[in-house]
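K.L.:
My structure is in coords_1.txt, and what it holds is compact mmCIF, N, CA and C atoms and all ligand atoms:
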```
# COMPACT_ATOMS: atom_id res chain seq x y z
N MET A 1 -4.18 31.05 -14.71
CA MET A 1 -3.37 32.28 -14.70
C MET A 1 -2.59 32.39 -16.01
N GLU A 2 -2.55 33.59 -16.56
CA GLU A 2 -1.92 33.79 -17.86
C GLU A 2 -1.02 35.03 -17.75
N ARG A 3 -0.04 35.11 -18.66
CA ARG A 3 0.83 36.30 -18.71
C ARG A 3 0.83 36.89 -20.11
N THR A 4 1.04 38.20 -20.17
CA THR A 4 1.14 38.87 -21.46
C THR A 4 2.17 39.99 -21.36
N LEU A 5 2.71 40.41 -22.51
CA LEU A 5 3.62 41.55 -22.50
C LEU A 5 2.86 42.81 -22.90
N SER A 6 3.04 43.84 -22.11
CA SER A 6 2.48 45.16 -22.41
C SER A 6 3.63 46.14 -22.61
N ILE A 7 3.47 47.02 -23.58
CA ILE A 7 4.43 48.13 -23.75
C ILE A 7 3.66 49.44 -23.80
N ILE A 8 4.11 50.40 -22.99
CA ILE A 8 3.66 51.77 -23.19
C ILE A 8 4.67 52.37 -24.16
N LYS A 9 4.21 52.69 -25.36
CA LYS A 9 5.07 53.10 -26.47
C LYS A 9 5.58 54.53 -26.24
N PRO A 10 6.56 54.98 -27.06
CA PRO A 10 7.15 56.31 -26.84
C PRO A 10 6.12 57.43 -26.80
N ASP A 11 5.05 57.33 -27.56
CA ASP A 11 4.04 58.40 -27.53
C ASP A 11 3.31 58.43 -26.20
N GLY A 12 3.06 57.26 -25.62
CA GLY A 12 2.38 57.19 -24.32
C GLY A 12 3.24 57.76 -23.21
N VAL A 13 4.55 57.44 -23.25
CA VAL A 13 5.47 57.99 -22.26
C VAL A 13 5.54 59.52 -22.42
N ALA A 14 5.65 59.99 -23.69
CA ALA A 14 5.76 61.43 -23.94
C ALA A 14 4.50 62.18 -23.52
N LYS A 15 3.35 61.51 -23.61
CA LYS A 15 2.08 62.17 -23.23
C LYS A 15 1.81 62.11 -21.75
N ASN A 16 2.75 61.50 -20.99
CA ASN A 16 2.60 61.45 -19.53
C ASN A 16 1.39 60.62 -19.08
N VAL A 17 1.14 59.52 -19.78
CA VAL A 17 -0.01 58.70 -19.39
C VAL A 17 0.41 57.31 -18.88
N ILE A 18 1.66 57.18 -18.41
CA ILE A 18 2.10 55.90 -17.84
C ILE A 18 1.16 55.49 -16.69
N GLY A 19 0.96 56.42 -15.78
CA GLY A 19 0.12 56.12 -14.62
C GLY A 19 -1.32 55.83 -15.00
N GLU A 20 -1.82 56.58 -15.95
CA GLU A 20 -3.20 56.38 -16.41
C GLU A 20 -3.38 54.97 -16.98
N VAL A 21 -2.40 54.52 -17.79
CA VAL A 21 -2.48 53.18 -18.39
C VAL A 21 -2.42 52.11 -17.29
N ILE A 22 -1.45 52.26 -16.38
CA ILE A 22 -1.30 51.26 -15.32
C ILE A 22 -2.53 51.25 -14.42
N LYS A 23 -3.11 52.40 -14.18
CA LYS A 23 -4.33 52.49 -13.35
C LYS A 23 -5.46 51.65 -13.95
N ARG A 24 -5.56 51.70 -15.28
CA ARG A 24 -6.62 50.92 -15.95
C ARG A 24 -6.37 49.42 -15.80
N PHE A 25 -5.10 49.01 -15.89
CA PHE A 25 -4.79 47.58 -15.70
C PHE A 25 -5.19 47.16 -14.29
N GLU A 26 -4.74 47.92 -13.31
CA GLU A 26 -5.00 47.55 -11.91
C GLU A 26 -6.48 47.57 -11.60
N ALA A 27 -7.20 48.54 -12.15
CA ALA A 27 -8.64 48.64 -11.90
C ALA A 27 -9.39 47.44 -12.46
N ASP A 28 -8.79 46.79 -13.46
CA ASP A 28 -9.41 45.62 -14.08
C ASP A 28 -8.92 44.31 -13.44
N GLY A 29 -8.20 44.43 -12.34
CA GLY A 29 -7.76 43.23 -11.62
C GLY A 29 -6.50 42.58 -12.16
N ILE A 30 -5.83 43.28 -13.09
CA ILE A 30 -4.59 42.75 -13.67
C ILE A 30 -3.42 43.11 -12.75
N GLN A 31 -2.50 42.16 -12.56
CA GLN A 31 -1.33 42.42 -11.72
C GLN A 31 -0.09 42.60 -12.57
N ILE A 32 0.83 43.40 -12.08
CA ILE A 32 2.11 43.62 -12.79
C ILE A 32 3.16 42.71 -12.16
N ALA A 33 3.71 41.82 -12.99
CA ALA A 33 4.69 40.84 -12.49
C ALA A 33 6.12 41.26 -12.79
N ALA A 34 6.30 42.25 -13.69
CA ALA A 34 7.62 42.79 -14.01
C ALA A 34 7.42 44.12 -14.73
N MET A 35 8.40 45.02 -14.56
CA MET A 35 8.27 46.33 -15.22
C MET A 35 9.63 47.01 -15.32
N LYS A 36 9.90 47.66 -16.46
CA LYS A 36 11.10 48.50 -16.58
C LYS A 36 10.93 49.53 -17.70
N MET A 37 11.71 50.61 -17.61
CA MET A 37 11.72 51.62 -18.66
C MET A 37 13.05 51.50 -19.41
N ILE A 38 12.97 51.43 -20.74
CA ILE A 38 14.17 51.28 -21.57
C ILE A 38 13.97 52.08 -22.87
N GLN A 39 15.05 52.27 -23.61
CA GLN A 39 14.93 52.81 -24.97
C GLN A 39 15.54 51.82 -25.94
N LEU A 40 14.73 51.39 -26.89
CA LEU A 40 15.17 50.36 -27.84
C LEU A 40 16.12 50.93 -28.88
N THR A 41 17.05 50.10 -29.34
CA THR A 41 17.83 50.41 -30.53
C THR A 41 17.00 49.97 -31.74
N LYS A 42 17.41 50.42 -32.90
CA LYS A 42 16.70 50.02 -34.14
C LYS A 42 16.75 48.50 -34.31
N THR A 43 17.89 47.92 -34.04
CA THR A 43 18.03 46.46 -34.17
C THR A 43 17.09 45.73 -33.21
N GLN A 44 17.01 46.22 -31.98
CA GLN A 44 16.12 45.59 -31.00
C GLN A 44 14.65 45.74 -31.41
N ALA A 45 14.28 46.91 -31.92
CA ALA A 45 12.89 47.13 -32.36
C ALA A 45 12.56 46.21 -33.54
N LYS A 46 13.50 46.05 -34.47
CA LYS A 46 13.26 45.17 -35.62
C LYS A 46 13.11 43.72 -35.17
N GLY A 47 13.88 43.32 -34.18
CA GLY A 47 13.77 41.95 -33.66
C GLY A 47 12.43 41.72 -32.99
N PHE A 48 11.98 42.71 -32.25
CA PHE A 48 10.69 42.57 -31.56
C PHE A 48 9.54 42.47 -32.55
N TYR A 49 9.58 43.31 -33.60
CA TYR A 49 8.48 43.35 -34.57
C TYR A 49 8.80 42.53 -35.83
N ALA A 50 9.64 41.52 -35.70
CA ALA A 50 10.06 40.72 -36.86
C ALA A 50 8.88 40.15 -37.66
N VAL A 51 7.78 39.85 -36.99
CA VAL A 51 6.61 39.32 -37.72
C VAL A 51 6.08 40.31 -38.76
N HIS A 52 6.39 41.58 -38.57
CA HIS A 52 5.90 42.62 -39.49
C HIS A 52 6.96 43.06 -40.50
N LYS A 53 8.05 42.28 -40.64
CA LYS A 53 9.20 42.78 -41.42
C LYS A 53 8.89 43.06 -42.88
N ASP A 54 7.86 42.40 -43.43
CA ASP A 54 7.53 42.63 -44.84
C ASP A 54 6.40 43.65 -45.03
N ARG A 55 5.91 44.22 -43.94
CA ARG A 55 4.81 45.18 -44.05
C ARG A 55 5.36 46.56 -44.42
N PRO A 56 4.56 47.33 -45.16
CA PRO A 56 5.04 48.66 -45.60
C PRO A 56 5.36 49.61 -44.45
N PHE A 57 4.74 49.39 -43.29
CA PHE A 57 4.95 50.31 -42.17
C PHE A 57 6.10 49.90 -41.26
N PHE A 58 6.84 48.83 -41.60
CA PHE A 58 7.87 48.28 -40.70
C PHE A 58 8.97 49.29 -40.36
N ASP A 59 9.48 49.99 -41.37
CA ASP A 59 10.59 50.91 -41.10
C ASP A 59 10.14 52.09 -40.23
N SER A 60 8.96 52.61 -40.57
CA SER A 60 8.41 53.72 -39.80
C SER A 60 8.09 53.28 -38.36
N LEU A 61 7.50 52.10 -38.23
CA LEU A 61 7.14 51.57 -36.90
C LEU A 61 8.38 51.39 -36.03
N THR A 62 9.43 50.82 -36.60
CA THR A 62 10.63 50.57 -35.80
C THR A 62 11.38 51.87 -35.49
N ASP A 63 11.29 52.86 -36.37
CA ASP A 63 11.83 54.20 -36.04
C ASP A 63 11.05 54.81 -34.88
N PHE A 64 9.75 54.75 -34.98
CA PHE A 64 8.89 55.29 -33.91
C PHE A 64 9.19 54.61 -32.57
N MET A 65 9.32 53.30 -32.59
CA MET A 65 9.52 52.56 -31.33
C MET A 65 10.88 52.85 -30.68
N THR A 66 11.82 53.42 -31.47
CA THR A 66 13.13 53.78 -30.92
C THR A 66 13.22 55.27 -30.59
N SER A 67 12.13 56.01 -30.81
CA SER A 67 12.19 57.48 -30.74
C SER A 67 12.22 58.03 -29.32
N GLY A 68 12.00 57.19 -28.33
CA GLY A 68 12.02 57.62 -26.94
C GLY A 68 11.87 56.42 -26.04
N PRO A 69 11.91 56.66 -24.73
CA PRO A 69 11.78 55.53 -23.80
C PRO A 69 10.40 54.88 -23.86
N ILE A 70 10.38 53.60 -23.53
CA ILE A 70 9.14 52.84 -23.44
C ILE A 70 9.09 52.18 -22.06
N VAL A 71 7.90 51.79 -21.65
CA VAL A 71 7.74 51.03 -20.41
C VAL A 71 7.26 49.64 -20.79
N VAL A 72 8.05 48.63 -20.45
CA VAL A 72 7.65 47.25 -20.75
C VAL A 72 7.23 46.57 -19.46
N MET A 73 6.14 45.81 -19.55
CA MET A 73 5.58 45.16 -18.36
C MET A 73 5.13 43.75 -18.68
N VAL A 74 5.28 42.87 -17.70
CA VAL A 74 4.62 41.57 -17.77
C VAL A 74 3.35 41.69 -16.93
N LEU A 75 2.22 41.47 -17.58
CA LEU A 75 0.93 41.52 -16.89
C LEU A 75 0.49 40.10 -16.61
N GLU A 76 -0.18 39.92 -15.48
CA GLU A 76 -0.60 38.59 -15.08
C GLU A 76 -2.05 38.61 -14.62
N GLY A 77 -2.77 37.56 -14.94
CA GLY A 77 -4.16 37.44 -14.49
C GLY A 77 -4.89 36.41 -15.32
N LYS A 78 -6.14 36.19 -14.94
CA LYS A 78 -6.97 35.25 -15.70
C LYS A 78 -7.34 35.90 -17.03
N ASN A 79 -7.15 35.19 -18.13
CA ASN A 79 -7.46 35.71 -19.47
C ASN A 79 -6.83 37.08 -19.74
N VAL A 80 -5.63 37.28 -19.25
CA VAL A 80 -5.04 38.63 -19.32
C VAL A 80 -4.70 39.05 -20.75
N ILE A 81 -4.44 38.10 -21.63
CA ILE A 81 -4.14 38.47 -23.03
C ILE A 81 -5.35 39.18 -23.65
N ALA A 82 -6.49 38.55 -23.55
CA ALA A 82 -7.73 39.12 -24.11
C ALA A 82 -8.16 40.37 -23.34
N LYS A 83 -8.03 40.31 -22.02
CA LYS A 83 -8.42 41.44 -21.17
C LYS A 83 -7.63 42.69 -21.54
N ASN A 84 -6.31 42.51 -21.72
CA ASN A 84 -5.46 43.65 -22.06
C ASN A 84 -5.82 44.19 -23.44
N ARG A 85 -6.05 43.28 -24.42
CA ARG A 85 -6.40 43.73 -25.77
C ARG A 85 -7.70 44.54 -25.74
N LYS A 86 -8.63 44.14 -24.87
CA LYS A 86 -9.89 44.86 -24.76
C LYS A 86 -9.68 46.26 -24.17
N LEU A 87 -8.85 46.34 -23.15
CA LEU A 87 -8.55 47.64 -22.56
C LEU A 87 -7.84 48.56 -23.55
N MET A 88 -6.97 47.96 -24.42
CA MET A 88 -6.22 48.74 -25.40
C MET A 88 -7.12 49.33 -26.48
N GLY A 89 -8.03 48.52 -27.01
CA GLY A 89 -8.87 48.94 -28.14
C GLY A 89 -8.22 48.59 -29.47
N ALA A 90 -8.94 48.84 -30.56
CA ALA A 90 -8.48 48.46 -31.90
C ALA A 90 -7.18 49.17 -32.27
N THR A 91 -6.39 48.52 -33.14
CA THR A 91 -5.11 49.07 -33.60
C THR A 91 -5.27 50.51 -34.07
N ASN A 92 -6.27 50.70 -34.95
CA ASN A 92 -6.59 52.05 -35.43
C ASN A 92 -7.56 52.70 -34.44
N PHE A 93 -7.09 53.73 -33.75
CA PHE A 93 -7.90 54.31 -32.66
C PHE A 93 -9.26 54.80 -33.13
N GLU A 94 -9.36 55.10 -34.44
CA GLU A 94 -10.66 55.57 -34.95
C GLU A 94 -11.70 54.45 -34.92
N ASP A 95 -11.23 53.20 -34.91
CA ASP A 95 -12.14 52.05 -34.82
C ASP A 95 -12.29 51.55 -33.39
N ALA A 96 -11.52 52.12 -32.47
CA ALA A 96 -11.52 51.61 -31.09
C ALA A 96 -12.79 52.05 -30.35
N GLU A 97 -13.22 51.18 -29.44
CA GLU A 97 -14.40 51.49 -28.63
C GLU A 97 -14.12 52.65 -27.68
N ASP A 98 -15.16 53.39 -27.36
CA ASP A 98 -15.04 54.47 -26.37
C ASP A 98 -14.53 53.89 -25.05
N GLY A 99 -13.71 54.66 -24.37
CA GLY A 99 -13.22 54.24 -23.06
C GLY A 99 -11.98 53.37 -23.12
N THR A 100 -11.51 53.04 -24.33
CA THR A 100 -10.28 52.25 -24.44
C THR A 100 -9.07 53.19 -24.43
N ILE A 101 -7.91 52.61 -24.11
CA ILE A 101 -6.68 53.40 -24.01
C ILE A 101 -6.37 54.08 -25.35
N ARG A 102 -6.48 53.32 -26.43
CA ARG A 102 -6.14 53.90 -27.74
C ARG A 102 -7.14 54.98 -28.16
N LYS A 103 -8.42 54.73 -27.91
CA LYS A 103 -9.43 55.74 -28.26
C LYS A 103 -9.13 57.05 -27.51
N ASP A 104 -8.75 56.92 -26.26
CA ASP A 104 -8.55 58.11 -25.43
C ASP A 104 -7.22 58.82 -25.71
N TYR A 105 -6.17 58.07 -26.10
CA TYR A 105 -4.83 58.69 -26.14
C TYR A 105 -4.05 58.55 -27.44
N ALA A 106 -4.50 57.74 -28.39
CA ALA A 106 -3.70 57.55 -29.61
C ALA A 106 -3.69 58.80 -30.47
N THR A 107 -2.62 58.94 -31.26
CA THR A 107 -2.47 60.06 -32.18
C THR A 107 -2.87 59.64 -33.58
N ASN A 108 -2.45 58.45 -33.98
CA ASN A 108 -2.80 57.89 -35.30
C ASN A 108 -2.62 56.37 -35.24
N ILE A 109 -2.72 55.70 -36.38
CA ILE A 109 -2.69 54.23 -36.36
C ILE A 109 -1.34 53.69 -35.86
N GLU A 110 -0.28 54.46 -36.06
CA GLU A 110 1.05 54.02 -35.61
C GLU A 110 1.31 54.41 -34.15
N LYS A 111 1.06 55.66 -33.84
CA LYS A 111 1.31 56.16 -32.48
C LYS A 111 0.07 55.87 -31.64
N ASN A 112 -0.05 54.59 -31.24
CA ASN A 112 -1.28 54.14 -30.59
C ASN A 112 -1.06 53.70 -29.14
N VAL A 113 -0.07 54.31 -28.49
CA VAL A 113 0.11 54.30 -27.03
C VAL A 113 0.59 52.99 -26.40
N VAL A 114 -0.02 51.89 -26.81
CA VAL A 114 0.27 50.63 -26.14
C VAL A 114 0.42 49.47 -27.12
N HIS A 115 1.18 48.49 -26.67
CA HIS A 115 1.27 47.20 -27.36
C HIS A 115 0.80 46.14 -26.39
N GLY A 116 0.17 45.09 -26.91
CA GLY A 116 -0.16 43.93 -26.09
C GLY A 116 -0.05 42.66 -26.92
N SER A 117 0.55 41.62 -26.35
CA SER A 117 0.66 40.34 -27.06
C SER A 117 -0.73 39.88 -27.49
N ASP A 118 -0.77 39.16 -28.63
CA ASP A 118 -2.09 38.76 -29.15
C ASP A 118 -2.42 37.28 -28.99
N ALA A 119 -1.51 36.47 -28.44
CA ALA A 119 -1.76 35.02 -28.26
C ALA A 119 -0.74 34.47 -27.27
N PRO A 120 -0.99 33.29 -26.70
CA PRO A 120 -0.03 32.72 -25.74
C PRO A 120 1.37 32.54 -26.32
N GLU A 121 1.47 32.17 -27.60
CA GLU A 121 2.79 31.94 -28.21
C GLU A 121 3.55 33.25 -28.36
N THR A 122 2.85 34.31 -28.82
CA THR A 122 3.53 35.59 -28.98
C THR A 122 3.85 36.18 -27.60
N ALA A 123 2.99 35.95 -26.63
CA ALA A 123 3.26 36.43 -25.27
C ALA A 123 4.55 35.80 -24.74
N ALA A 124 4.72 34.51 -24.94
CA ALA A 124 5.92 33.82 -24.44
C ALA A 124 7.17 34.37 -25.12
N PHE A 125 7.12 34.57 -26.43
CA PHE A 125 8.26 35.14 -27.15
C PHE A 125 8.56 36.56 -26.68
N GLU A 126 7.52 37.37 -26.57
CA GLU A 126 7.71 38.78 -26.25
C GLU A 126 8.18 38.99 -24.80
N ILE A 127 7.66 38.20 -23.87
CA ILE A 127 8.12 38.30 -22.47
C ILE A 127 9.60 37.92 -22.41
N GLY A 128 9.98 36.85 -23.09
CA GLY A 128 11.37 36.41 -23.11
C GLY A 128 12.30 37.38 -23.81
N TYR A 129 11.74 38.20 -24.69
CA TYR A 129 12.54 39.20 -25.41
C TYR A 129 13.05 40.28 -24.46
N PHE A 130 12.25 40.58 -23.44
CA PHE A 130 12.57 41.69 -22.53
C PHE A 130 12.97 41.29 -21.11
N PHE A 131 12.54 40.13 -20.66
CA PHE A 131 12.75 39.77 -19.25
C PHE A 131 13.32 38.36 -19.12
N ASN A 132 14.23 38.20 -18.16
CA ASN A 132 14.64 36.84 -17.80
C ASN A 132 13.82 36.38 -16.59
N ALA A 133 13.90 35.11 -16.29
CA ALA A 133 13.04 34.53 -15.25
C ALA A 133 13.22 35.22 -13.90
N LEU A 134 14.45 35.66 -13.60
CA LEU A 134 14.72 36.29 -12.30
C LEU A 134 14.03 37.64 -12.16
N GLU A 135 13.65 38.25 -13.28
CA GLU A 135 13.05 39.59 -13.24
C GLU A 135 11.52 39.54 -13.14
N ILE A 136 10.96 38.35 -13.18
CA ILE A 136 9.50 38.21 -13.15
C ILE A 136 9.09 37.64 -11.80
N GLN A 137 8.22 38.37 -11.11
CA GLN A 137 7.81 37.95 -9.76
C GLN A 137 6.93 36.72 -9.84
N GLU A 138 7.30 35.72 -9.06
CA GLU A 138 6.48 34.50 -8.97
C GLU A 138 5.48 34.70 -7.84
N LYS A 139 4.28 34.20 -8.05
CA LYS A 139 3.24 34.28 -7.00
C LYS A 139 3.58 33.37 -5.84
P1 LIG A 201 0.54 45.85 -31.19
O1 LIG A 201 1.18 44.67 -31.86
O2 LIG A 201 1.44 47.07 -31.12
O3 LIG A 201 -0.09 45.52 -29.90
P2 LIG A 201 -1.74 45.46 -32.84
O4 LIG A 201 -1.56 44.01 -32.55
O5 LIG A 201 -3.06 46.07 -32.55
O6 LIG A 201 -0.67 46.32 -32.09
P3 LIG A 201 -0.36 45.02 -35.33
O7 LIG A 201 -1.12 44.69 -36.56
O8 LIG A 201 0.38 43.94 -34.61
O9 LIG A 201 -1.36 45.77 -34.34
O10 LIG A 201 0.64 46.20 -35.70
C1 LIG A 201 1.72 46.51 -34.86
C2 LIG A 201 1.84 48.00 -34.74
O11 LIG A 201 2.23 48.52 -36.01
C3 LIG A 201 0.55 48.75 -34.41
O12 LIG A 201 0.25 48.79 -33.05
C4 LIG A 201 0.86 50.12 -34.95
O13 LIG A 201 1.71 50.85 -34.05
C5 LIG A 201 1.64 49.79 -36.21
N1 LIG A 201 0.77 49.70 -37.38
C6 LIG A 201 -0.12 48.72 -37.67
N2 LIG A 201 -0.75 48.94 -38.84
C7 LIG A 201 -0.22 50.09 -39.31
C8 LIG A 201 -0.43 50.87 -40.49
N3 LIG A 201 -1.30 50.50 -41.43
N4 LIG A 201 0.30 52.00 -40.62
C9 LIG A 201 1.20 52.39 -39.69
N5 LIG A 201 1.46 51.70 -38.58
C10 LIG A 201 0.75 50.57 -38.38
MG MG A 202 0.30 43.02 -32.75
```
Kindly return the structure encoded in the file as structure tokens.
Ligand code: ATP
Ligand code: MG
P.N.:
Amino acid sequence: MERTLSIIKPDGVAKNVIGEVIKRFEADGIQIAAMKMIQLTKTQAKGFYAVHKDRPFFDSLTDFMTSGPIVVMVLEGKNVIAKNRKLMGATNFEDAEDGTIRKDYATNIEKNVVHGSDAPETAAFEIGYFFNALEIQEK
């Protein structure tokens, strides 16, 4: 059993596809172990995306991530990190496979609807960034 952090980004919430995204997770056998809707401050967004702090898109990305509410979730399941990344599709939606969330709903490379942790270490950091142990359902 594995856990990963998923975020429905401000563009996904604005496009009214929260249910559509969650439906795809559930249809793939992924369970939701925690969930909440919040709006990040700039400081919180910069802390979350600290690995990208030297990238040219950092300021724009952190502005975008604070532009409206987001839905953060802990997803649970076998190989859920890879499974979620596959459902999401490539970062740039133009490169994403047909039938992926980003291919279907992204606006551009930045406004790409969803975030998903990319490894067990980043998943642990990202889950801890948003949730404490009491907020995550134990099986
Ligand atoms: P995420 O971390 O959000 O799941 P990812 O792992 O596919 O996405 P990263 O390389 O970690 O992609 O980039 C983080 C986010 O930064 C992307 O999802 C996207 O919103 C934004 N981003 C990435 N590359 C660019 C770029 N070249 N221009 C603008 N924004 C970008
Ligand atoms: Mg990433």
K.L.:
With ligand LIG 201 (chain A) as the partner and 6 Å as the cut-off, tabulate the residues of chain A that qualify, each row holding the nearest pair of atoms and their distance in Å to one decimal, using all atoms listed in the file, sorted by chain and rising number, as CSV.
P.N.:
```
residue,atom,partner,partner_atom,distance
A:Phe57,CA,A:LIG201,C9,5.0
A:Leu61,CA,A:LIG201,C5,5.8
A:Ala90,C,A:LIG201,O5,5.2
A:Thr91,CA,A:LIG201,O5,3.8
A:Ile109,C,A:LIG201,C4,4.3
A:Glu110,C,A:LIG201,O13,3.6
A:Lys111,N,A:LIG201,O13,4.9
A:Asn112,N,A:LIG201,O13,5.0
A:Val114,C,A:LIG201,O2,4.8
A:His115,CA,A:LIG201,O3,3.3
A:Gly116,N,A:LIG201,O3,3.0
A:Ser117,N,A:LIG201,O3,5.3
```
K.L.:
By how many Å are atom C of A:Phe58 and atom C of A:Ala14 apart?
P.N.:
21.7 Å
K.L.:
Quick one, how far is atom CA of A:Pro10 from atom CA of A:Glu121?
P.N.:
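Going from atom CA of A:Pro10 over to atom CA of A:Glu121 covers 24.8 Å.
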K.L.:
Would you give me, as a VMD selection string, the residues in chain A that DSSP reads as strand (DSSP E)?
P.N.:
chain A and resid 2 to 8 31 to 38 70 to 77 114 to 116
K.L.:
Here is a test: counting only C-alpha atoms, which residue of A:Ala82, A:Val17, A:Ile32, A:Ile8 is nearest to A:Met65?
P.N.:
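Closest to A:Met65, using only C-alpha atoms: A:Ile8.
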